[in-house]
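A short worksheet on the structure shown next.
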Amino acid sequence: MPNIVIVDDEAIFRRGLRAMIASLDPDFHVVGDAKDGYEALDLLQERRPDVLLTDIRMPRMDGLQLQKIARERFPDLVSAVVSGYEDFAYVKQSMQYGAKDYLMKPIEREELAKLLERLKAEVRSAAAARSREAPEPKEDQRRAREHAAEHLAAALMRGSVSEEDVRRLEEVGIRFKAPCFTCMIVKLDKQSIGSERYRQADPSLFQLYIQQFVQEIIDRRATGFSFVLNDSEVVALLNSEDGDEAMRKLLELAESIRLQMKSLSNLTVTIGVGRLGPAAASIGKAYREAEIALLHRLVVGGDKVLAYERTMEAGLPPSAEPREWSWESLERAIADGRAAEAEARAREAAAELCLRSPTPQSVHRHICKLVIRCYELSSEWGVAKAWLGDKDVRELLFDVCSISASDELTELCGSLFGRLAGCVAAAGADRPTDPVAKAIRYMEANYEKPITLGRMAEMTFLNPAYFSALFKQRTGVTFVERLTAIRVEAAKHRLAATNELVAEVAERTGFRNVRHFNRVFKGETGMSPTEYRERTRAGAGGG
């Protein structure tokens, strides 16, 4: 007796189809019905039917995506589709995804009876074929992809990917011809599903859907291989030429994945993208950069593409900041390994932040930003493992955002950053120190504030004249030239991405007045701020 699952978003249609099947062919047993693809995948996993009968147009996950995933997960399943005349163009695509037959709405009893006979024959034929044949080549290919994905995931977890790891992907037909690689991490925004729905479902089904969706778009527009890394992340390894234009196209690809996912399935995802790097050795670094970019979801929200370079340009949000010495003196205490002082400074900063911030979300946002910054610094210094132990930094961020009492948050911050300073002190002489790099990081994070050469020299504990000479020697430009370039880049981003007045842009990027801003901006770019905004937007509109 063949078992069948019915999928349609109209409950009355599902009930009617159940009754018609029961009256027409007692050999068939309807073991369940579902209103969309997500519910159907759960049913298929639980009931393992012989036949899937699905509508094409449904919310969240339509019948085409359902068939595509079902074919991958349940290769023995026989499927057929139900389509209105206006949707008939989709029937051909359904056949490509494995559908054996179709019915047109409204369904006639005679046509349904004929379809059930054909499906029954197909089930018997498939069972007979399985009993006498070796595994099909498609099954071998599926296993090869799973093996390649497992191997690549293990390499990323080790922190390095070799040329041999990349060559293994040739087993699944992936040929990397361009010189550069990057990684993209696609993370499901669980709130787009609903916490109750997510808890009840098998998380792996969501990840498989996202992975296949991502791979389909990559196959059309790029060269790459996607795989499920864990219950919350899909990773895509992308091969590309080098340069800004290539990076721009990859970010457009990521944005296309985000928008199409939202449009076709009502799911939202956040995508972290690392920088392009040469050869396989750069893949591990690109993956870590994508991870760091993705962490900023807790600061800026989900349903976005977060590029590593862009997230690193952003400083603390301008609203509700504690006074400048709080963060600055805390970072200095951490960098110098003064644990007791770091703990005290962290407590003071957290307490002040709780007093001054208008909302709990603002408090969480600021502290998460500081955690991310310290995590990157600890990675540079080689003390991240000693600092966090077995805890993942993402778990730490979730811990921060789960606290709603100021005394608890103050206690956590004191303990957390005091422990980091202790790890820095324990690393001792082995910890690399670079006053120029420290100054550049500060300028990139605080360009909107008054910054002077003397202040930077004081922060790095160097004589101003020596610091100035060292900065020019290390970077090839003067301190003022570098600071100006950072501020102009920030201004370019604001001009292109916001409708702020030019005077507002000048103020928020550290220029003392709009006249000075106009003169410096034109000197750096060859055009006025207004001309730059108009040309940038005209170019974007034309693209």
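Letters A, B, ... go to the chains of the structure tokens in the order shown; residues in each chain start at 1; ligands are counted from 1 in the same order.
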_When you look at range 204-208 of chain A with a cut-off of 7 Å (counting only C-alpha atoms), what residues show up, excluding the ones that are within fewer than 4 positions of it in the same chain? I need them as a ChimeraX atom specification._
/A:212,228,231-234
Selection: 7 Å around range 47-54 of chain A, only C-alpha atoms, excl. self and same-chain fewer than 2 positions, as an mmCIF file with N, CA, C and O atoms, in the first residue's frame:
data_model
loop_
_atom_site.group_PDB
_atom_site.id
_atom_site.type_symbol
_atom_site.label_atom_id
_atom_site.label_comp_id
_atom_site.auth_asym_id
_atom_site.auth_seq_id
_atom_site.Cartn_x
_atom_site.Cartn_y
_atom_site.Cartn_z
ATOM 1 N N PRO A 2 0.887 2.039 -1.088
ATOM 2 C CA PRO A 2 1.731 3.231 -1.114
ATOM 3 C C PRO A 2 1.217 4.294 -0.143
ATOM 4 O O PRO A 2 0.022 4.523 -0.020
ATOM 5 N N ASN A 3 2.151 4.936 0.552
ATOM 6 C CA ASN A 3 1.820 6.048 1.442
ATOM 7 C C ASN A 3 2.032 7.366 0.704
ATOM 8 O O ASN A 3 3.003 7.511 -0.057
ATOM 9 N N ILE A 4 1.154 8.343 0.955
ATOM 10 C CA ILE A 4 1.216 9.608 0.219
ATOM 11 C C ILE A 4 1.078 10.776 1.187
ATOM 12 O O ILE A 4 0.344 10.695 2.180
ATOM 13 N N VAL A 5 1.801 11.861 0.914
ATOM 14 C CA VAL A 5 1.683 13.127 1.651
ATOM 15 C C VAL A 5 1.161 14.190 0.688
ATOM 16 O O VAL A 5 1.639 14.293 -0.447
ATOM 17 N N ILE A 6 0.182 14.983 1.156
ATOM 18 C CA ILE A 6 -0.422 16.043 0.355
ATOM 19 C C ILE A 6 0.054 17.394 0.879
ATOM 20 O O ILE A 6 0.042 17.635 2.095
ATOM 21 N N VAL A 7 0.442 18.291 -0.026
ATOM 22 C CA VAL A 7 0.919 19.619 0.374
ATOM 23 C C VAL A 7 0.182 20.676 -0.426
ATOM 24 O O VAL A 7 0.249 20.694 -1.656
ATOM 25 N N ASP A 8 -0.524 21.559 0.278
ATOM 26 C CA ASP A 8 -1.241 22.670 -0.352
ATOM 27 C C ASP A 8 -1.539 23.694 0.731
ATOM 28 O O ASP A 8 -1.805 23.335 1.877
ATOM 29 N N LEU A 43 7.278 16.329 7.691
ATOM 30 C CA LEU A 43 6.460 15.130 7.481
ATOM 31 C C LEU A 43 7.222 14.055 6.704
ATOM 32 O O LEU A 43 7.162 12.861 7.028
ATOM 33 N N LEU A 44 7.927 14.490 5.671
ATOM 34 C CA LEU A 44 8.689 13.526 4.871
ATOM 35 C C LEU A 44 9.745 12.830 5.720
ATOM 36 O O LEU A 44 9.991 11.628 5.591
ATOM 37 N N GLN A 45 10.385 13.611 6.600
ATOM 38 C CA GLN A 45 11.396 13.035 7.474
ATOM 39 C C GLN A 45 10.775 12.052 8.462
ATOM 40 O O GLN A 45 11.328 10.978 8.738
ATOM 41 N N ILE A 56 2.185 24.004 -6.360
ATOM 42 C CA ILE A 56 3.400 24.749 -6.708
ATOM 43 C C ILE A 56 3.468 26.062 -5.939
ATOM 44 O O ILE A 56 4.455 26.369 -5.277
ATOM 45 N N GLY A 63 6.424 24.826 -3.956
ATOM 46 C CA GLY A 63 6.549 23.429 -4.353
ATOM 47 C C GLY A 63 7.817 23.121 -5.118
ATOM 48 O O GLY A 63 8.337 21.999 -5.051
ATOM 49 N N LEU A 77 11.720 8.982 -3.261
ATOM 50 C CA LEU A 77 10.370 9.545 -3.219
ATOM 51 C C LEU A 77 9.866 9.821 -4.635
ATOM 52 O O LEU A 77 10.560 10.410 -5.463
ATOM 53 N N VAL A 78 8.629 9.414 -4.922
ATOM 54 C CA VAL A 78 7.975 9.707 -6.199
ATOM 55 C C VAL A 78 7.091 10.930 -5.992
ATOM 56 O O VAL A 78 6.296 10.971 -5.050
ATOM 57 N N SER A 79 7.230 11.947 -6.834
ATOM 58 C CA SER A 79 6.473 13.177 -6.635
ATOM 59 C C SER A 79 5.659 13.538 -7.870
ATOM 60 O O SER A 79 6.016 13.203 -8.996
ATOM 61 N N ALA A 80 4.560 14.253 -7.621
ATOM 62 C CA ALA A 80 3.711 14.808 -8.668
ATOM 63 C C ALA A 80 3.250 16.171 -8.202
ATOM 64 O O ALA A 80 3.231 16.457 -6.994
ATOM 65 N N VAL A 81 2.869 17.042 -9.131
ATOM 66 C CA VAL A 81 2.509 18.413 -8.785
ATOM 67 C C VAL A 81 1.084 18.724 -9.199
ATOM 68 O O VAL A 81 0.529 18.116 -10.117
ATOM 69 N N VAL A 82 0.514 19.700 -8.491
ATOM 70 C CA VAL A 82 -0.801 20.239 -8.807
ATOM 71 C C VAL A 82 -0.599 21.686 -9.224
ATOM 72 O O VAL A 82 0.069 22.446 -8.515
ATOM 73 N N VAL A 123 5.865 3.705 -8.266
ATOM 74 C CA VAL A 123 6.384 3.226 -6.982
ATOM 75 C C VAL A 123 6.843 1.779 -7.104
ATOM 76 O O VAL A 123 7.926 1.405 -6.627
#
_Distance of CA of Arg57 in chain A from CA of Asp36 in chain A, expressed in Å to one decimal place_ = 9.1 Å
Show me, as a PDB file with C-alpha atoms, in the first residue's frame, the residues that have an atom within 12 Å of range 491-505 of chain A when counting only C-alpha atoms, minus same-chain residues fewer than 4 positions from it.
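What landed in out.pdb:
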ATOM      1  CA  ARG A 310      33.104  47.834   5.905  1.00  0.00           C
ATOM      2  CA  GLU A 313      35.483  50.940   9.336  1.00  0.00           C
ATOM      3  CA  ALA A 314      32.540  51.535  11.677  1.00  0.00           C
ATOM      4  CA  TYR A 447      37.704  59.510  13.317  1.00  0.00           C
ATOM      5  CA  GLU A 448      34.707  61.708  14.245  1.00  0.00           C
ATOM      6  CA  THR A 484      42.513  62.869   6.544  1.00  0.00           C
ATOM      7  CA  ALA A 485      42.266  59.854   4.226  1.00  0.00           C
ATOM      8  CA  ILE A 486      40.316  57.895   6.857  1.00  0.00           C
ATOM      9  CA  ARG A 487      37.903  60.773   7.363  1.00  0.00           C
ATOM     10  CA  THR A 509      33.451  62.630  10.090  1.00  0.00           C
ATOM     11  CA  GLY A 510      35.651  64.882  12.210  1.00  0.00           C
ATOM     12  CA  PHE A 511      36.013  68.074  10.118  1.00  0.00           C
ATOM     13  CA  ARG A 512      35.896  71.285  12.134  1.00  0.00           C
ATOM     14  CA  ASN A 513      33.624  73.161   9.654  1.00  0.00           C
ATOM     15  CA  VAL A 514      31.958  72.606   6.302  1.00  0.00           C
ATOM     16  CA  ARG A 515      34.237  75.031   4.414  1.00  0.00           C
ATOM     17  CA  HIS A 516      37.326  73.123   5.554  1.00  0.00           C
ATOM     18  CA  PHE A 517      35.581  69.859   4.680  1.00  0.00           C
ATOM     19  CA  ASN A 518      34.744  71.015   1.138  1.00  0.00           C
ATOM     20  CA  VAL A 520      39.895  68.896   1.846  1.00  0.00           C
ATOM     21  CA  PHE A 521      37.362  66.617   0.134  1.00  0.00           C
ATOM     22  CA  LYS A 522      37.923  68.219  -3.264  1.00  0.00           C
ATOM     23  CA  GLU A 524      41.451  64.312  -2.069  1.00  0.00           C
ATOM     24  CA  THR A 525      38.845  63.297  -4.679  1.00  0.00           C
ATOM     25  CA  MET A 527      35.276  66.878  -6.845  1.00  0.00           C
ATOM     26  CA  SER A 528      33.072  68.584  -4.291  1.00  0.00           C
ATOM     27  CA  PRO A 529      31.011  66.513  -1.826  1.00  0.00           C
ATOM     28  CA  THR A 530      27.822  67.366  -3.721  1.00  0.00           C
ATOM     29  CA  GLU A 531      29.349  66.356  -7.060  1.00  0.00           C
ATOM     30  CA  TYR A 532      30.582  63.100  -5.535  1.00  0.00           C
ATOM     31  CA  ARG A 533      27.112  62.259  -4.182  1.00  0.00           C
ATOM     32  CA  GLU A 534      25.438  63.027  -7.528  1.00  0.00           C
ATOM     33  CA  ARG A 535      27.939  60.981  -9.565  1.00  0.00           C
ATOM     34  CA  THR A 536      27.847  58.045  -7.180  1.00  0.00           C
ATOM     35  CA  ARG A 537      24.066  57.857  -7.187  1.00  0.00           C
ATOM     36  CA  ALA A 538      23.847  58.357 -10.936  1.00  0.00           C
ATOM     37  CA  GLY A 539      26.281  55.457 -11.381  1.00  0.00           C
ATOM     38  CA  ALA A 540      24.309  53.252  -8.997  1.00  0.00           C
ATOM     39  CA  GLY A 541      21.059  54.077 -10.750  1.00  0.00           C
TER      40      GLY A 541
END
Residue contacts of range 280-296 of chain A (8 Å, only C-alpha atoms) excluding same-chain residues fewer than 4 positions away, as a CSV table (one decimal) with C-alpha atoms, in the first residue's frame:
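Writing the result to part23.csv gives the following:
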chain,number,residue,atom,x,y,z
A,156,LEU,CA,38.1,25.5,8.3
A,159,GLY,CA,42.1,27.2,10.8
A,160,SER,CA,43.9,26.4,7.6
A,161,VAL,CA,42.9,25.1,4.1
A,162,SER,CA,45.5,23.6,1.9
A,163,GLU,CA,45.8,23.2,-1.9
A,166,VAL,CA,40.7,22.5,-2.7
A,180,CYS,CA,41.7,34.4,-5.4
A,181,PHE,CA,39.3,33.0,-2.9
A,182,THR,CA,37.0,34.3,-0.2
A,183,CYS,CA,34.4,32.8,2.2
A,184,MET,CA,30.8,33.8,2.7
A,185,ILE,CA,28.8,32.7,5.8
A,237,LEU,CA,33.8,29.1,-0.8
A,270,THR,CA,22.5,37.8,7.4
A,271,ILE,CA,25.6,37.2,5.3
A,272,GLY,CA,29.2,37.8,6.4
A,273,VAL,CA,31.8,38.2,3.6
A,274,GLY,CA,35.6,38.0,4.1
A,275,ARG,CA,38.2,39.7,1.9
A,276,LEU,CA,39.7,38.2,-1.2
A,300,VAL,CA,23.5,46.6,13.4
A,301,GLY,CA,20.7,44.0,13.2
A,306,LEU,CA,28.1,42.5,6.2
A,307,ALA,CA,31.5,42.9,4.5
A,308,TYR,CA,34.6,42.6,6.8
A,311,THR,CA,32.3,46.6,9.4
A,312,MET,CA,35.9,47.3,10.5
A,369,LYS,CA,30.9,46.4,19.8
A,372,ILE,CA,34.1,42.3,19.1
A,376,GLU,CA,40.0,40.8,17.2
A,394,ARG,CA,29.3,34.3,19.7
Ile210 in chain A surroundings by only C-alpha atoms, 12 Å radius, close-in-sequence under 3 positions cut, as a PDB file with C-alpha atoms, in the first residue's frame:
ATOM      1  CA  MET A  61       8.718  27.518   0.665  1.00  0.00           C
ATOM      2  CA  GLN A  65      11.972  24.367  -3.693  1.00  0.00           C
ATOM      3  CA  LEU A  66      10.280  21.550  -1.786  1.00  0.00           C
ATOM      4  CA  LYS A  68      14.439  20.213  -5.067  1.00  0.00           C
ATOM      5  CA  ILE A  69      15.270  19.530  -1.411  1.00  0.00           C
ATOM      6  CA  ILE A 185      28.819  32.716   5.757  1.00  0.00           C
ATOM      7  CA  VAL A 186      25.035  32.728   5.424  1.00  0.00           C
ATOM      8  CA  LYS A 187      23.223  32.690   8.761  1.00  0.00           C
ATOM      9  CA  LEU A 188      19.480  32.267   9.174  1.00  0.00           C
ATOM     10  CA  ASP A 189      17.732  35.043  11.123  1.00  0.00           C
ATOM     11  CA  PRO A 203      17.188  22.892  12.078  1.00  0.00           C
ATOM     12  CA  SER A 204      19.102  20.891   9.475  1.00  0.00           C
ATOM     13  CA  LEU A 205      16.168  21.215   7.072  1.00  0.00           C
ATOM     14  CA  PHE A 206      16.416  25.013   7.110  1.00  0.00           C
ATOM     15  CA  GLN A 207      20.167  24.835   6.523  1.00  0.00           C
ATOM     16  CA  PHE A 213      19.324  28.018  -2.609  1.00  0.00           C
ATOM     17  CA  VAL A 214      22.815  29.532  -2.288  1.00  0.00           C
ATOM     18  CA  GLN A 215      24.389  26.918  -4.567  1.00  0.00           C
ATOM     19  CA  GLU A 216      21.780  27.484  -7.252  1.00  0.00           C
ATOM     20  CA  ILE A 217      22.553  31.217  -7.389  1.00  0.00           C
ATOM     21  CA  SER A 226      28.494  25.783  -0.642  1.00  0.00           C
ATOM     22  CA  PHE A 227      27.903  23.431   2.262  1.00  0.00           C
ATOM     23  CA  VAL A 228      26.165  23.243   5.624  1.00  0.00           C
ATOM     24  CA  LEU A 229      28.685  23.909   8.373  1.00  0.00           C
ATOM     25  CA  ASP A 231      22.792  23.897  12.507  1.00  0.00           C
ATOM     26  CA  SER A 232      22.916  27.659  12.016  1.00  0.00           C
ATOM     27  CA  GLU A 233      25.429  28.424   9.245  1.00  0.00           C
ATOM     28  CA  VAL A 234      25.942  27.735   5.562  1.00  0.00           C
ATOM     29  CA  VAL A 235      29.395  28.471   4.132  1.00  0.00           C
ATOM     30  CA  ALA A 236      30.202  29.292   0.514  1.00  0.00           C
ATOM     31  CA  ILE A 257      21.057  35.797  -2.256  1.00  0.00           C
ATOM     32  CA  ARG A 258      19.647  37.834   0.638  1.00  0.00           C
ATOM     33  CA  GLN A 260      15.837  36.431  -3.316  1.00  0.00           C
ATOM     34  CA  MET A 261      15.726  34.364  -0.142  1.00  0.00           C
ATOM     35  CA  LYS A 262      13.452  36.977   1.429  1.00  0.00           C
ATOM     36  CA  LEU A 264      10.761  33.637  -2.422  1.00  0.00           C
ATOM     37  CA  SER A 265      10.575  32.107   1.046  1.00  0.00           C
ATOM     38  CA  LEU A 267      13.116  33.907   5.338  1.00  0.00           C
ATOM     39  CA  THR A 268      15.754  36.487   6.136  1.00  0.00           C
ATOM     40  CA  VAL A 269      19.460  35.765   6.368  1.00  0.00           C
ATOM     41  CA  THR A 270      22.510  37.761   7.387  1.00  0.00           C
ATOM     42  CA  ILE A 271      25.632  37.215   5.302  1.00  0.00           C
TER      43      ILE A 271
END
*Would you give me, as a PyMOL selection string, the residues in range 15-59 of chain A that DSSP reads as strand (DSSP E)?*
chain A and resi 29-34+51-55
Selected residues written out with all heavy atoms, as a compact mmCIF listing (two decimals), in the first residue's frame:
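Result file again_9.txt:
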# COMPACT_ATOMS: atom_id res chain seq x y z
N HIS A 29 -2.64 5.29 1.03
CA HIS A 29 -2.87 5.68 2.41
C HIS A 29 -2.27 7.07 2.62
O HIS A 29 -1.05 7.27 2.52
CB HIS A 29 -2.21 4.68 3.37
CG HIS A 29 -2.38 5.03 4.81
ND1 HIS A 29 -1.43 4.78 5.77
CD2 HIS A 29 -3.41 5.65 5.46
CE1 HIS A 29 -1.86 5.21 6.93
NE2 HIS A 29 -3.05 5.74 6.78
N VAL A 30 -3.13 8.08 2.87
CA VAL A 30 -2.65 9.44 3.11
C VAL A 30 -2.11 9.51 4.54
O VAL A 30 -2.88 9.42 5.50
CB VAL A 30 -3.78 10.47 2.90
CG1 VAL A 30 -3.24 11.88 3.18
CG2 VAL A 30 -4.33 10.40 1.49
N VAL A 31 -0.82 9.65 4.68
CA VAL A 31 -0.19 9.61 6.01
C VAL A 31 0.02 11.00 6.60
O VAL A 31 0.53 11.14 7.71
CB VAL A 31 1.16 8.87 5.96
CG1 VAL A 31 0.95 7.41 5.60
CG2 VAL A 31 2.12 9.54 4.97
N GLY A 32 -0.36 12.05 5.88
CA GLY A 32 -0.23 13.39 6.42
C GLY A 32 -0.41 14.44 5.35
O GLY A 32 -0.35 14.13 4.15
N ASP A 33 -0.68 15.68 5.79
CA ASP A 33 -0.75 16.80 4.85
C ASP A 33 -0.10 18.01 5.50
O ASP A 33 0.04 18.10 6.71
CB ASP A 33 -2.19 17.09 4.43
CG ASP A 33 -3.09 17.44 5.59
OD1 ASP A 33 -2.89 18.53 6.18
OD2 ASP A 33 -3.98 16.64 5.94
N ALA A 34 0.31 18.95 4.66
CA ALA A 34 1.04 20.13 5.13
C ALA A 34 0.63 21.34 4.32
O ALA A 34 0.22 21.21 3.16
CB ALA A 34 2.55 19.90 5.01
N VAL A 51 5.01 8.63 -1.92
CA VAL A 51 4.57 9.61 -2.92
C VAL A 51 4.37 10.97 -2.25
O VAL A 51 3.84 11.06 -1.14
CB VAL A 51 3.25 9.16 -3.58
CG1 VAL A 51 2.75 10.22 -4.57
CG2 VAL A 51 3.43 7.83 -4.30
N LEU A 52 4.77 12.02 -2.96
CA LEU A 52 4.53 13.41 -2.57
C LEU A 52 3.67 14.06 -3.64
O LEU A 52 4.03 14.06 -4.83
CB LEU A 52 5.85 14.17 -2.45
CG LEU A 52 5.76 15.70 -2.31
CD1 LEU A 52 5.15 16.08 -0.97
CD2 LEU A 52 7.14 16.34 -2.48
N LEU A 53 2.51 14.60 -3.25
CA LEU A 53 1.64 15.33 -4.16
C LEU A 53 1.56 16.76 -3.67
O LEU A 53 1.01 17.03 -2.59
CB LEU A 53 0.24 14.69 -4.19
CG LEU A 53 -0.78 15.31 -5.16
CD1 LEU A 53 -0.27 15.25 -6.58
CD2 LEU A 53 -2.12 14.59 -5.05
N THR A 54 2.14 17.70 -4.41
CA THR A 54 2.29 19.06 -3.91
C THR A 54 1.81 20.11 -4.89
O THR A 54 1.96 19.97 -6.11
CB THR A 54 3.77 19.35 -3.55
OG1 THR A 54 3.88 20.69 -3.06
CG2 THR A 54 4.69 19.17 -4.75
N ASP A 55 1.21 21.17 -4.32
CA ASP A 55 0.90 22.37 -5.08
C ASP A 55 2.22 23.09 -5.41
O ASP A 55 3.26 22.82 -4.79
CB ASP A 55 -0.01 23.28 -4.24
CG ASP A 55 -0.62 24.40 -5.07
OD1 ASP A 55 -0.47 24.38 -6.31
OD2 ASP A 55 -1.22 25.30 -4.48
_With DSSP run on the backbone, what are the helix (DSSP H, G or I) residues within range 154-290 of chain A? I'd like them as a count of residues only._
76
*Using only C-alpha atoms, which residues sit within 12 Å of Ala340 in chain A once same-chain residues fewer than 2 positions away are excluded, as a PyMOL selection string?*
chain A and resi 330+333-334+336-338+342-347+414-422+425
With N, CA and C atoms kept, could you save the residues just selected as an mmCIF file, in the first residue's frame?
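File produced: part_23.cif:
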data_model
loop_
_atom_site.group_PDB
_atom_site.id
_atom_site.type_symbol
_atom_site.label_atom_id
_atom_site.label_comp_id
_atom_site.auth_asym_id
_atom_site.auth_seq_id
_atom_site.Cartn_x
_atom_site.Cartn_y
_atom_site.Cartn_z
ATOM 1 N N LEU A 330 40.317 52.053 29.188
ATOM 2 C CA LEU A 330 40.122 50.614 29.341
ATOM 3 C C LEU A 330 40.979 49.855 28.327
ATOM 4 N N ALA A 333 44.600 49.950 29.354
ATOM 5 C CA ALA A 333 44.888 49.046 30.466
ATOM 6 C C ALA A 333 44.951 47.597 30.002
ATOM 7 N N ILE A 334 44.074 47.222 29.087
ATOM 8 C CA ILE A 334 44.092 45.855 28.545
ATOM 9 C C ILE A 334 45.381 45.614 27.769
ATOM 10 N N ASP A 336 48.185 46.980 27.991
ATOM 11 C CA ASP A 336 49.376 46.968 28.841
ATOM 12 C C ASP A 336 49.374 45.822 29.844
ATOM 13 N N GLY A 337 48.294 45.061 29.872
ATOM 14 C CA GLY A 337 48.243 43.909 30.774
ATOM 15 C C GLY A 337 48.000 44.267 32.228
ATOM 16 N N ARG A 338 47.356 45.429 32.482
ATOM 17 C CA ARG A 338 47.084 45.828 33.857
ATOM 18 C C ARG A 338 45.691 45.327 34.241
ATOM 19 N N ALA A 342 42.142 47.295 34.428
ATOM 20 C CA ALA A 342 41.197 46.995 33.360
ATOM 21 C C ALA A 342 39.844 46.601 33.933
ATOM 22 N N GLU A 343 39.869 45.809 34.991
ATOM 23 C CA GLU A 343 38.610 45.392 35.616
ATOM 24 C C GLU A 343 37.863 46.598 36.177
ATOM 25 N N ALA A 344 38.596 47.477 36.854
ATOM 26 C CA ALA A 344 37.957 48.664 37.432
ATOM 27 C C ALA A 344 37.410 49.586 36.345
ATOM 28 N N ARG A 345 38.221 49.813 35.292
ATOM 29 C CA ARG A 345 37.780 50.676 34.195
ATOM 30 C C ARG A 345 36.546 50.094 33.509
ATOM 31 N N ALA A 346 36.517 48.774 33.315
ATOM 32 C CA ALA A 346 35.374 48.135 32.661
ATOM 33 C C ALA A 346 34.110 48.291 33.488
ATOM 34 N N ARG A 347 34.243 48.134 34.798
ATOM 35 C CA ARG A 347 33.082 48.313 35.682
ATOM 36 C C ARG A 347 32.560 49.760 35.594
ATOM 37 N N GLY A 414 33.516 43.683 34.181
ATOM 38 C CA GLY A 414 34.728 43.729 34.986
ATOM 39 C C GLY A 414 35.497 42.421 34.897
ATOM 40 N N SER A 415 34.808 41.318 35.062
ATOM 41 C CA SER A 415 35.453 40.004 35.002
ATOM 42 C C SER A 415 36.021 39.719 33.620
ATOM 43 N N LEU A 416 35.242 40.035 32.593
ATOM 44 C CA LEU A 416 35.623 39.705 31.219
ATOM 45 C C LEU A 416 36.886 40.449 30.785
ATOM 46 N N PHE A 417 36.891 41.772 30.934
ATOM 47 C CA PHE A 417 38.014 42.559 30.425
ATOM 48 C C PHE A 417 39.209 42.532 31.385
ATOM 49 N N GLY A 418 38.947 42.321 32.669
ATOM 50 C CA GLY A 418 40.060 42.105 33.590
ATOM 51 C C GLY A 418 40.793 40.822 33.253
ATOM 52 N N ARG A 419 40.031 39.767 32.893
ATOM 53 C CA ARG A 419 40.663 38.494 32.530
ATOM 54 C C ARG A 419 41.466 38.633 31.238
ATOM 55 N N LEU A 420 40.953 39.412 30.276
ATOM 56 C CA LEU A 420 41.707 39.617 29.039
ATOM 57 C C LEU A 420 43.033 40.310 29.323
ATOM 58 N N ALA A 421 43.015 41.335 30.167
ATOM 59 C CA ALA A 421 44.267 42.020 30.515
ATOM 60 C C ALA A 421 45.232 41.068 31.206
ATOM 61 N N GLY A 422 44.702 40.175 32.053
ATOM 62 C CA GLY A 422 45.563 39.177 32.694
ATOM 63 C C GLY A 422 46.202 38.243 31.677
ATOM 64 N N ALA A 425 48.997 40.094 30.013
ATOM 65 C CA ALA A 425 50.175 40.159 30.893
ATOM 66 C C ALA A 425 50.921 38.833 30.913
#
*Which is closer to Pro26 in chain A than all the others in A:Ala113, A:Asp9, A:Ser406, A:Arg14, using only C-alpha atoms?*
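Residue with the minimum atom-to-atom distance to Pro26 in chain A: A:Ala113.
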*asked:* What's the separation between CA of Leu250 in chain A and CA of Asp62 in chain A, in Å to one decimal place?
replied: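 A separation of 27.0 Å between them.
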